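target-v3.txt (compact mmCIF, C-alpha atoms (C1' of nucleotides))
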# COMPACT_ATOMS: atom_id res chain seq x y z
CA MET A 1 44.97 -13.77 30.12
CA LYS A 2 48.24 -15.54 30.80
CA SER A 3 49.39 -17.10 34.04
CA THR A 4 52.87 -18.23 34.89
CA ASP A 5 51.89 -20.14 38.00
CA GLN A 6 50.19 -23.06 36.31
CA PRO A 7 51.82 -26.30 35.23
CA ALA A 8 53.63 -26.18 31.92
CA PRO A 9 50.96 -25.96 29.23
CA ALA A 10 52.61 -28.74 27.29
CA ASN A 11 51.54 -31.16 30.03
CA LEU A 12 48.05 -29.76 30.42
CA MET A 13 45.53 -32.51 29.82
CA LEU A 14 41.86 -32.08 29.07
CA SER A 15 41.14 -33.56 32.49
CA ASP A 16 42.99 -30.65 34.14
CA TYR A 17 40.87 -27.93 32.61
CA LEU A 18 38.48 -26.22 34.98
CA CYS A 19 36.29 -25.19 32.08
CA PHE A 20 35.99 -28.80 30.99
CA ALA A 21 35.17 -29.91 34.52
CA ILE A 22 32.32 -27.41 34.54
CA TYR A 23 31.26 -28.31 31.02
CA SER A 24 31.14 -32.03 31.72
CA ALA A 25 29.54 -31.57 35.13
CA ASN A 26 26.82 -29.58 33.40
CA LEU A 27 26.23 -32.43 30.96
CA ALA A 28 26.16 -34.87 33.89
CA PHE A 29 23.58 -32.76 35.73
CA GLY A 30 21.47 -32.78 32.60
CA LYS A 31 21.50 -36.55 32.54
CA ALA A 32 20.88 -36.81 36.29
CA TYR A 33 17.91 -34.48 36.05
CA LYS A 34 16.31 -36.35 33.21
CA PRO A 35 13.94 -38.51 35.32
CA ILE A 36 12.81 -35.51 37.36
CA LEU A 37 12.25 -33.41 34.28
CA GLU A 38 10.43 -36.17 32.46
CA GLU A 39 8.04 -36.49 35.33
CA LEU A 40 7.43 -32.75 35.24
CA GLY A 41 7.23 -32.72 31.46
CA LEU A 42 9.77 -29.92 31.26
CA THR A 43 13.19 -29.43 29.72
CA TYR A 44 15.99 -28.22 31.96
CA THR A 45 15.83 -24.65 30.68
CA GLN A 46 12.07 -24.60 31.05
CA TYR A 47 12.55 -25.89 34.58
CA ILE A 48 14.93 -23.17 35.74
CA THR A 49 12.78 -20.57 34.03
CA ILE A 50 9.77 -21.70 36.04
CA ILE A 51 11.84 -21.75 39.23
CA ALA A 52 12.87 -18.14 38.61
CA LEU A 53 9.21 -17.23 38.16
CA TRP A 54 8.16 -18.95 41.39
CA GLU A 55 10.72 -16.73 43.05
CA THR A 56 9.52 -13.51 41.42
CA ASP A 57 6.37 -13.42 39.35
CA ASN A 58 5.47 -10.75 36.80
CA GLN A 59 9.05 -10.21 35.64
CA THR A 60 10.07 -8.69 32.33
CA VAL A 61 11.91 -10.80 29.78
CA SER A 62 15.17 -8.95 30.36
CA GLY A 63 14.75 -9.12 34.15
CA LEU A 64 14.26 -12.85 33.94
CA GLY A 65 17.21 -13.03 31.58
CA GLU A 66 19.49 -11.36 34.10
CA LYS A 67 18.69 -14.02 36.65
CA LEU A 68 19.06 -16.87 34.21
CA PHE A 69 22.04 -15.35 32.35
CA LEU A 70 20.11 -15.61 29.11
CA GLU A 71 19.03 -13.08 26.51
CA SER A 72 15.73 -12.58 24.75
CA ASN A 73 16.96 -14.50 21.71
CA THR A 74 17.06 -17.61 23.90
CA LEU A 75 14.30 -16.78 26.33
CA THR A 76 11.55 -15.66 23.98
CA PRO A 77 11.12 -19.04 22.26
CA ILE A 78 11.18 -20.82 25.63
CA LEU A 79 8.61 -18.47 27.12
CA LYS A 80 6.38 -18.87 24.09
CA LYS A 81 6.60 -22.62 24.46
CA LEU A 82 5.74 -22.44 28.18
CA GLU A 83 2.83 -20.17 27.31
CA VAL A 84 1.49 -22.72 24.83
CA MET A 85 1.92 -25.37 27.52
CA GLY A 86 -0.26 -23.26 29.77
CA TYR A 87 2.23 -22.50 32.53
CA LEU A 88 2.52 -18.74 32.02
CA GLU A 89 1.17 -15.72 30.20
CA ARG A 90 3.11 -13.10 28.26
CA GLN A 91 1.72 -9.59 27.97
CA ARG A 92 3.07 -6.21 27.01
CA ASP A 93 3.43 -3.86 29.94
CA PRO A 94 0.89 -1.05 29.45
CA GLU A 95 3.29 1.31 31.24
CA ASP A 96 6.04 0.58 28.72
CA GLU A 97 4.96 -1.29 25.65
CA ARG A 98 8.53 -2.32 24.88
CA GLN A 99 8.53 -4.68 27.82
CA VAL A 100 6.81 -8.02 28.10
CA ARG A 101 5.78 -9.23 31.53
CA ILE A 102 5.62 -12.90 32.41
CA CYS A 103 3.01 -14.20 34.86
CA LEU A 104 2.60 -17.77 36.00
CA THR A 105 -0.82 -19.34 35.56
CA LYS A 106 -2.42 -21.52 38.21
CA SER A 107 -1.05 -24.46 36.30
CA GLY A 108 2.43 -22.95 36.57
CA TRP A 109 2.08 -22.59 40.33
CA ARG A 110 0.75 -26.12 40.63
CA LEU A 111 4.00 -27.45 39.20
CA ARG A 112 5.66 -26.14 42.33
CA GLU A 113 4.16 -28.74 44.61
CA LYS A 114 5.30 -31.58 42.41
CA ALA A 115 8.74 -30.12 41.78
CA LEU A 116 9.64 -29.24 45.34
CA LYS A 117 9.37 -32.85 46.36
CA MET A 118 12.24 -33.73 44.08
CA ASP A 119 15.90 -32.93 44.34
CA LEU A 120 19.26 -34.32 43.45
CA VAL A 121 21.26 -33.61 46.58
CA GLU A 122 22.09 -37.24 47.21
CA ALA A 123 23.21 -37.83 43.65
CA THR A 124 25.96 -35.25 44.09
CA GLY A 125 27.56 -37.40 46.78
CA LEU A 126 28.16 -34.28 48.83
CA ALA A 127 27.42 -33.67 52.48
CA PRO A 128 25.12 -30.67 52.99
CA ASP A 129 27.92 -28.39 54.14
CA GLU A 130 30.14 -29.41 51.25
CA PHE A 131 27.23 -28.95 48.90
CA GLU A 132 26.68 -25.40 50.02
CA LYS A 133 30.38 -24.57 50.04
CA MET A 134 30.83 -25.84 46.50
CA GLN A 135 27.72 -24.07 45.31
CA LYS A 136 28.99 -20.77 46.65
CA ALA A 137 32.47 -21.32 45.28
CA ILE A 138 31.11 -21.93 41.79
CA VAL A 139 28.89 -18.85 41.97
CA THR A 140 31.97 -16.82 42.88
CA LEU A 141 33.87 -18.34 39.99
CA ARG A 142 31.01 -17.55 37.62
CA ASN A 143 30.84 -13.96 38.83
CA ASN A 144 34.60 -13.57 38.45
CA LEU A 145 34.38 -14.79 34.88
CA ILE A 146 31.55 -12.43 34.06
CA LYS A 147 33.44 -9.56 35.64
CA SER A 148 36.57 -10.35 33.66
CA VAL A 149 34.55 -10.40 30.45
CA ARG A 150 33.02 -7.04 31.29
CA ASP A 151 36.34 -5.49 32.30
CA GLY A 152 38.00 -6.79 29.18
CA GLU A 153 35.64 -4.83 26.98
CA MET B 1 16.62 -38.70 45.38
CA LYS B 2 15.34 -36.89 48.45
CA SER B 3 17.38 -35.33 51.20
CA THR B 4 16.13 -34.19 54.56
CA ASP B 5 19.23 -32.21 55.46
CA GLN B 6 18.73 -29.33 53.06
CA PRO B 7 16.88 -26.10 53.78
CA ALA B 8 13.12 -26.28 53.45
CA PRO B 9 12.39 -26.53 49.74
CA ALA B 10 9.84 -23.73 49.97
CA ASN B 11 12.70 -21.32 50.58
CA LEU B 12 14.99 -22.72 47.94
CA MET B 13 15.91 -19.99 45.49
CA LEU B 14 17.33 -20.47 42.04
CA SER B 15 20.56 -18.97 43.34
CA ASP B 16 20.91 -21.84 45.82
CA TYR B 17 20.83 -24.59 43.23
CA LEU B 18 24.14 -26.30 42.59
CA CYS B 19 22.97 -27.37 39.15
CA PHE B 20 22.22 -23.76 38.27
CA ALA B 21 25.60 -22.63 39.56
CA ILE B 22 27.23 -25.14 37.23
CA TYR B 23 24.90 -24.27 34.38
CA SER B 24 25.51 -20.54 34.63
CA ALA B 25 29.25 -21.00 35.21
CA ASN B 26 29.35 -23.01 32.01
CA LEU B 27 27.65 -20.18 30.13
CA ALA B 28 30.11 -17.72 31.69
CA PHE B 29 33.07 -19.83 30.61
CA GLY B 30 31.67 -19.84 27.10
CA LYS B 31 31.60 -16.06 27.07
CA ALA B 32 35.03 -15.78 28.64
CA TYR B 33 36.51 -18.13 26.07
CA LYS B 34 35.04 -16.28 23.14
CA PRO B 35 38.09 -14.11 22.34
CA ILE B 36 40.43 -17.12 22.55
CA LEU B 37 38.19 -19.24 20.38
CA GLU B 38 37.69 -16.49 17.84
CA GLU B 39 41.42 -16.15 17.46
CA LEU B 40 41.70 -19.90 16.94
CA GLY B 41 38.67 -19.95 14.67
CA LEU B 42 37.09 -22.76 16.69
CA THR B 43 33.91 -23.25 18.66
CA TYR B 44 34.21 -24.44 22.24
CA THR B 45 33.28 -28.01 21.44
CA GLN B 46 35.68 -28.09 18.53
CA TYR B 47 38.34 -26.75 20.89
CA ILE B 48 37.97 -29.45 23.54
CA THR B 49 37.77 -32.07 20.82
CA ILE B 50 41.12 -30.92 19.44
CA ILE B 51 42.60 -30.85 22.94
CA ALA B 52 41.52 -34.45 23.47
CA LEU B 53 43.22 -35.38 20.20
CA TRP B 54 46.46 -33.62 21.12
CA GLU B 55 46.43 -35.82 24.18
CA THR B 56 45.78 -39.06 22.30
CA ASP B 57 45.83 -39.18 18.54
CA ASN B 58 44.24 -41.88 16.41
CA GLN B 59 41.27 -42.43 18.73
CA THR B 60 37.97 -43.97 17.72
CA VAL B 61 34.81 -41.88 17.81
CA SER B 62 33.50 -43.71 20.86
CA GLY B 63 36.87 -43.50 22.62
CA LEU B 64 36.93 -39.79 22.06
CA GLY B 65 33.32 -39.62 23.18
CA GLU B 66 34.15 -41.25 26.50
CA LYS B 67 36.70 -38.56 27.24
CA LEU B 68 34.43 -35.74 26.16
CA PHE B 69 31.24 -37.28 27.59
CA LEU B 70 29.63 -37.05 24.17
CA GLU B 71 28.10 -39.62 21.85
CA SER B 72 28.47 -40.14 18.14
CA ASN B 73 25.27 -38.24 17.43
CA THR B 74 26.99 -35.11 18.72
CA LEU B 75 30.58 -35.93 17.80
CA THR B 76 30.17 -37.06 14.21
CA PRO B 77 28.97 -33.71 12.87
CA ILE B 78 31.70 -31.91 14.80
CA LEU B 79 34.40 -34.25 13.52
CA LYS B 80 33.14 -33.88 9.97
CA LYS B 81 33.29 -30.13 10.32
CA LEU B 82 36.84 -30.28 11.70
CA GLU B 83 37.77 -32.55 8.81
CA VAL B 84 36.44 -30.05 6.30
CA MET B 85 38.40 -27.36 8.15
CA GLY B 86 41.52 -29.45 7.60
CA TYR B 87 42.42 -30.18 11.22
CA LEU B 88 41.86 -33.94 11.20
CA GLU B 89 41.13 -36.98 9.09
CA ARG B 90 38.47 -39.61 9.64
CA GLN B 91 39.01 -43.11 8.36
CA ARG B 92 37.50 -46.51 8.97
CA ASP B 93 39.73 -48.84 10.94
CA PRO B 94 40.80 -51.67 8.59
CA GLU B 95 40.91 -54.01 11.62
CA ASP B 96 37.27 -53.28 12.43
CA GLU B 97 35.36 -51.44 9.77
CA ARG B 98 32.70 -50.39 12.24
CA GLN B 99 35.11 -48.04 13.93
CA VAL B 100 36.30 -44.69 12.64
CA ARG B 101 39.71 -43.44 13.71
CA ILE B 102 40.49 -39.76 14.04
CA CYS B 103 43.97 -38.43 13.23
CA LEU B 104 45.12 -34.86 13.50
CA THR B 105 46.65 -33.30 10.42
CA LYS B 106 49.74 -31.09 10.55
CA SER B 107 47.36 -28.19 10.58
CA GLY B 108 45.65 -29.69 13.63
CA TRP B 109 48.95 -29.99 15.44
CA ARG B 110 49.94 -26.46 14.48
CA LEU B 111 46.92 -25.15 16.36
CA ARG B 112 48.59 -26.42 19.50
CA GLU B 113 51.31 -23.80 19.50
CA LYS B 114 48.83 -20.99 19.19
CA ALA B 115 46.39 -22.44 21.71
CA LEU B 116 48.85 -23.27 24.45
CA LYS B 117 49.83 -19.63 24.77
CA MET B 118 46.34 -18.78 25.88
CA ASP B 119 44.50 -19.59 29.06
CA LEU B 120 41.90 -18.17 31.34
CA VAL B 121 43.36 -18.85 34.76
CA GLU B 122 43.40 -15.20 35.76
CA ALA B 123 39.82 -14.67 34.68
CA THR B 124 38.68 -17.23 37.24
CA GLY B 125 39.99 -15.06 40.06
CA LEU B 126 41.37 -18.16 41.72
CA ALA B 127 44.81 -18.74 43.16
CA PRO B 128 46.54 -21.74 41.55
CA ASP B 129 45.93 -24.01 44.55
CA GLU B 130 42.28 -23.02 44.76
CA PHE B 131 41.97 -23.50 41.04
CA GLU B 132 43.23 -27.04 41.25
CA LYS B 133 41.16 -27.85 44.33
CA MET B 134 37.98 -26.62 42.72
CA GLN B 135 38.75 -28.41 39.48
CA LYS B 136 39.18 -31.70 41.31
CA ALA B 137 36.07 -31.13 43.43
CA ILE B 138 33.94 -30.57 40.34
CA VAL B 139 35.35 -33.64 38.64
CA THR B 140 34.39 -35.66 41.72
CA LEU B 141 30.91 -34.16 41.65
CA ARG B 142 30.57 -34.98 37.97
CA ASN B 143 31.68 -38.56 38.54
CA ASN B 144 29.25 -38.94 41.44
CA LEU B 145 26.41 -37.75 39.25
CA ILE B 146 27.34 -40.14 36.47
CA LYS B 147 27.61 -42.98 38.94
CA SER B 148 24.21 -42.20 40.43
CA VAL B 149 22.67 -42.19 36.96
CA ARG B 150 24.24 -45.55 36.19
CA ASP B 151 23.23 -47.07 39.53
CA GLY B 152 19.72 -45.77 39.17
CA GLU B 153 19.22 -47.75 36.01
C1' DT C 1 7.05 19.09 18.17
C1' DA C 2 10.15 16.45 15.31
C1' DC C 3 13.76 13.39 15.02
C1' DG C 4 17.80 10.87 16.03
C1' DA C 5 19.43 7.91 19.88
C1' DT C 6 18.41 4.37 23.01
C1' DA C 7 15.94 0.40 24.97
C1' DT C 8 13.35 -3.96 24.65
C1' DA C 9 11.76 -8.09 22.35
C1' DA C 10 11.61 -10.83 18.64
C1' DT C 11 13.55 -13.12 14.49
C1' DC C 12 17.01 -15.64 11.89
C1' DG C 13 20.95 -18.60 11.23
C1' DC C 14 24.38 -21.62 13.04
C1' DA C 15 26.42 -24.95 16.36
C1' DT C 16 25.72 -27.93 19.82
C1' DG C 17 23.45 -32.03 22.97
C1' DC C 18 20.65 -35.75 22.85
C1' DG C 19 16.72 -39.28 22.15
C1' DA C 20 15.31 -42.33 18.65
C1' DT C 21 16.41 -44.68 14.84
C1' DA C 22 18.92 -46.51 10.74
C1' DC C 23 22.77 -48.70 8.78
C1' DA C 24 26.92 -51.41 8.26
C1' DT C 25 30.07 -54.51 10.20
C1' DA C 26 31.37 -58.00 13.49
C1' DT C 27 30.45 -61.70 16.57
C1' DC C 28 27.88 -65.47 18.46
C1' DG C 29 24.99 -69.71 18.54
C1' DC C 30 24.02 -73.56 16.48
C1' DG D 1 28.39 -71.18 7.47
C1' DC D 2 24.31 -68.73 8.42
C1' DG D 3 20.74 -66.36 10.85
C1' DA D 4 20.38 -63.68 15.15
C1' DT D 5 22.42 -60.51 18.00
C1' DA D 6 25.68 -56.99 19.33
C1' DT D 7 28.56 -53.04 18.30
C1' DG D 8 30.03 -48.62 16.21
C1' DT D 9 28.78 -44.85 13.61
C1' DA D 10 25.70 -41.86 11.31
C1' DT D 11 21.16 -39.56 10.52
C1' DC D 12 17.11 -37.04 11.96
C1' DG D 13 14.34 -34.10 14.83
C1' DC D 14 13.87 -31.09 18.69
C1' DA D 15 15.49 -27.74 22.19
C1' DT D 16 18.74 -24.75 23.53
C1' DG D 17 22.58 -20.64 23.39
C1' DC D 18 24.07 -16.94 20.96
C1' DG D 19 25.68 -13.40 17.28
C1' DA D 20 23.53 -10.36 14.16
C1' DT D 21 19.73 -7.99 12.76
C1' DT D 22 14.99 -6.11 12.85
C1' DA D 23 10.77 -3.96 14.66
C1' DT D 24 8.66 -1.20 17.88
C1' DA D 25 8.44 1.96 21.71
C1' DT D 26 10.46 5.48 24.51
C1' DC D 27 13.60 9.19 25.49
C1' DG D 28 16.47 13.32 24.78
C1' DT D 29 16.88 17.37 22.82
C1' DA D 30 17.07 20.94 19.53
Just give me the structure as C-alpha cells.
Amino acid sequence: MKSTDQPAPANLMLSDYLCFAIYSANLAFGKAYKPILEELGLTYTQYITIIALWETDNQTVSGLGEKLFLESNTLTPILKKLEVMGYLERQRDPEDERQVRICLTKSGWRLREKALKMDLVEATGLAPDEFEKMQKAIVTLRNNLIKSVRDGE
Amino acid sequence: MKSTDQPAPANLMLSDYLCFAIYSANLAFGKAYKPILEELGLTYTQYITIIALWETDNQTVSGLGEKLFLESNTLTPILKKLEVMGYLERQRDPEDERQVRICLTKSGWRLREKALKMDLVEATGLAPDEFEKMQKAIVTLRNNLIKSVRDGE
DNA sequence: TACGATATAATCGCATGCGATACATATCGC
DNA sequence: GCGATATGTATCGCATGCGATTATATCGTA
C-alpha cells in the first residue's frame, strides 16, 4: 500500500489526490445531471438502475447489484421505490424463492424513449475519442481497485 | 446537451457511460480506502476535510467548501463531528461574526504523521506518470462539468 | 430425513450530499 | 441611522451507500 515513486507526501495537496478527483467529478456529474433527472423524475441511482434493467430485464437483485456495484441493503429500498412509482415489478422467483426478480413495466420501458434523447457528452468538454478513452481508463482503474481489495483479503 | 458523434443511443450500455465509470470508481475507492480510514478512525469525508485543513488552516466553512465542493449543509455536521472528536475547533470570526473559522488542534495535526505513511497508489495499478495524467484529466473533466452547469444557468 | 451450512434479500443504524429554508450578522440605500 | 437586502452558517428532510444483523430458502451430508 506504499509507493516510493510518488512526490514526497509532505507536499501532497488535496488537489493531487486521484481519489479526490474522482470524488469531486462524481459530485459534479450529479449536479450536471440534475436537469435531465428532474425531467425524468428520477434520482441518479434510480436512473442507472433503470438503465441496467433496459439492458437486461428480469434480473435478480444480486445480479443487478453486481452490475451497479451495489448490495441489497442499498438496492432493495431503491427497487421498492421504483416499484411504487410504477416502473418495475418485484417478484420472488418460483424456481428459487430466495431470489427476487425485477421486471420493467411498460411505464419503465417508456422512460427509455425520453431518456435516450438526453446526454451530457458536450458538458464533459471531451471529444468523442477522448471521451471513450477516458471512460475505459476509469473502468480499468475501478477494476484494479476492486481487484486489490479482493486480493488484500 | 445532445451530441451526434456518439454511438447510437439505442446501443448505449451502462458500461459505456462515463458518469457511471466515475460513479463506480468512486465507490471502489471508498472500499479500497476502508482499511486506511479504519486505522485513522475517520470516514472518507472527514479524511479529505482534514487533508484540506492540513493544507490551509484557519479556513472559513465556505472557503473549505469551495475546495471540497461541498456546502455548509454537508460540511457543518461533519465539522461538528470532527470538533467533538477533538481534531479541530470552530469559532466565529470576530471580524465578521457570520463566518466560522476552522482550526486544527494538535490532535488534528498529529493525524498527519499517521496518514502520510499510507496511500493507495499501488492499488490503482497505474504507473506514476499514468496516475498523474489521469488525475489531471479527471480534474479537467470535473471543471468542464462545473463550468457547463454554471453556463447553463 | 434431519440438520447444520450456505445463499439471498431485507432491515436497521449511521454518515454523507443536497434542496429548501431559517437564522444571525453585515452591508447598502436613502 | 434604519429598513431592505445580501451573506454565511445552520437546520431539516429525503435519498443514497454500507456495515451488521436477521429472516427465509436451499443445499450438503450424515
Residues of chain B within 7 Å of chain C, all atoms listed in the file counted, as a PDB file with C-alpha atoms, in the coordinates of the input:
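New file out08.pdb:
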ATOM      1  CA  THR B  74      26.990 -35.110  18.720  1.00  0.00           C
ATOM      2  CA  GLU B  97      35.360 -51.440   9.770  1.00  0.00           C
ATOM      3  CA  ARG B  98      32.700 -50.390  12.240  1.00  0.00           C
TER       4      ARG B  98
END
Kindly indicate which residue among A:Lys34, A:Arg110, A:Lys67, A:Lys136 lies nearest to A:Ala52, using all atoms listed in the file for the distances.
A:Lys67
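Considering the residues A:Ser107, A:Ser24, A:Gln46, A:Thr124 and counting only C-alpha atoms (C1' of nucleotides), chain D has its shortest atom-to-atom contact with A:Gln46.
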For chain D, work out the contacting residues on chain A at 9 Å, counting only C-alpha atoms (C1' of nucleotides), and write them as an MDAnalysis selection string.
chainID A and resid 43 45 70:71 73:74 78 96:98
Do you have, as a Markdown table, the list of residues of chain A lying at most 7 Å from chain B, each with its nearest atom pair and that distance in Å to one decimal, counting all atoms listed in the file and ordered by chain then number?
| residue | atom | partner | partner_atom | distance |
| --- | --- | --- | --- | --- |
| A:Met1 | CA | B:Leu120 | CA | 5.5 |
| A:Lys2 | CA | B:Asp119 | CA | 5.8 |
| A:Ser3 | CA | B:Val121 | CA | 6.3 |
| A:Asp5 | CA | B:Pro128 | CA | 6.6 |
| A:Gln6 | CA | B:Pro128 | CA | 6.5 |
| A:Pro9 | CA | B:Leu116 | CA | 5.9 |
| A:Met13 | CA | B:Glu55 | CA | 6.6 |
| A:Leu14 | CA | B:Ala52 | CA | 6.1 |
| A:Leu18 | CA | B:Gln135 | CA | 5.0 |
| A:Cys19 | CA | B:Phe29 | CA | 6.4 |
| A:Ala21 | CA | B:Val139 | CA | 5.6 |
| A:Ile22 | CA | B:Asn26 | CA | 5.9 |
| A:Tyr23 | CA | B:Asn26 | CA | 5.7 |
| A:Ser24 | CA | B:Phe69 | CA | 6.7 |
| A:Ala25 | CA | B:Arg142 | CA | 4.6 |
| A:Asn26 | CA | B:Tyr23 | CA | 5.7 |
| A:Ala28 | CA | B:Ile146 | CA | 6.0 |
| A:Phe29 | CA | B:Cys19 | CA | 6.4 |
| A:Ala32 | CA | B:Val149 | CA | 5.7 |
| A:Ile51 | CA | B:Leu14 | CA | 6.3 |
| A:Ala52 | CA | B:Leu14 | CA | 6.1 |
| A:Glu55 | CA | B:Met13 | CA | 6.6 |
| A:Phe69 | CA | B:Ser24 | CA | 6.6 |
| A:Leu116 | CA | B:Pro9 | CA | 5.9 |
| A:Met118 | CA | B:Lys2 | CA | 6.2 |
| A:Asp119 | CA | B:Lys2 | CA | 5.7 |
| A:Leu120 | CA | B:Met1 | CA | 5.5 |
| A:Val121 | CA | B:Ser3 | CA | 6.3 |
| A:Glu122 | CA | B:Met1 | CA | 5.9 |
| A:Ala123 | CA | B:Leu145 | CA | 5.4 |
| A:Thr124 | CA | B:Leu145 | CA | 5.5 |
| A:Gly125 | CA | B:Asn144 | CA | 5.8 |
| A:Pro128 | CA | B:Gln6 | CA | 6.5 |
| A:Gln135 | CA | B:Leu18 | CA | 5.0 |
| A:Ile138 | CA | B:Ala21 | CA | 6.0 |
| A:Val139 | CA | B:Ala21 | CA | 5.6 |
| A:Leu141 | CA | B:Thr124 | CA | 5.7 |
| A:Arg142 | CA | B:Ala25 | CA | 4.6 |
| A:Asn144 | CA | B:Thr124 | CA | 5.6 |
| A:Leu145 | CA | B:Ala123 | CA | 5.4 |
| A:Ile146 | CA | B:Ala28 | CA | 6.0 |
| A:Ser148 | CA | B:Ala123 | CA | 5.5 |
| A:Val149 | CA | B:Ala32 | CA | 5.7 |
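One finds atom CA of B:Glu89 at 10.8 Å from atom CA of B:Asp57.
Taking atom CA of A:Arg90 and atom CA of A:Cys103 as endpoints, the distance between them is 6.7 Å.
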Could you check how far atom CA of A:Asn58 sits from atom CA of A:Arg101, in Å to one decimal?
5.5 Å
If you count all atoms listed in the file, which residues fall within 10 Å of A:Gly86, apart from same-chain ones fewer than 3 positions away, as a ChimeraX atom specification?
/A:80-83,89,104-108
Around all listed atoms of stretch 53-61 of chain A, padded 4 Å per side, what centre and edge lengths does the axis-aligned box have in Å to one decimal, as lines of an AutoDock Vina configuration file?
center_x = 8.7
center_y = -13.8
center_z = 36.4
size_x = 14.4
size_y = 18.3
size_z = 21.3
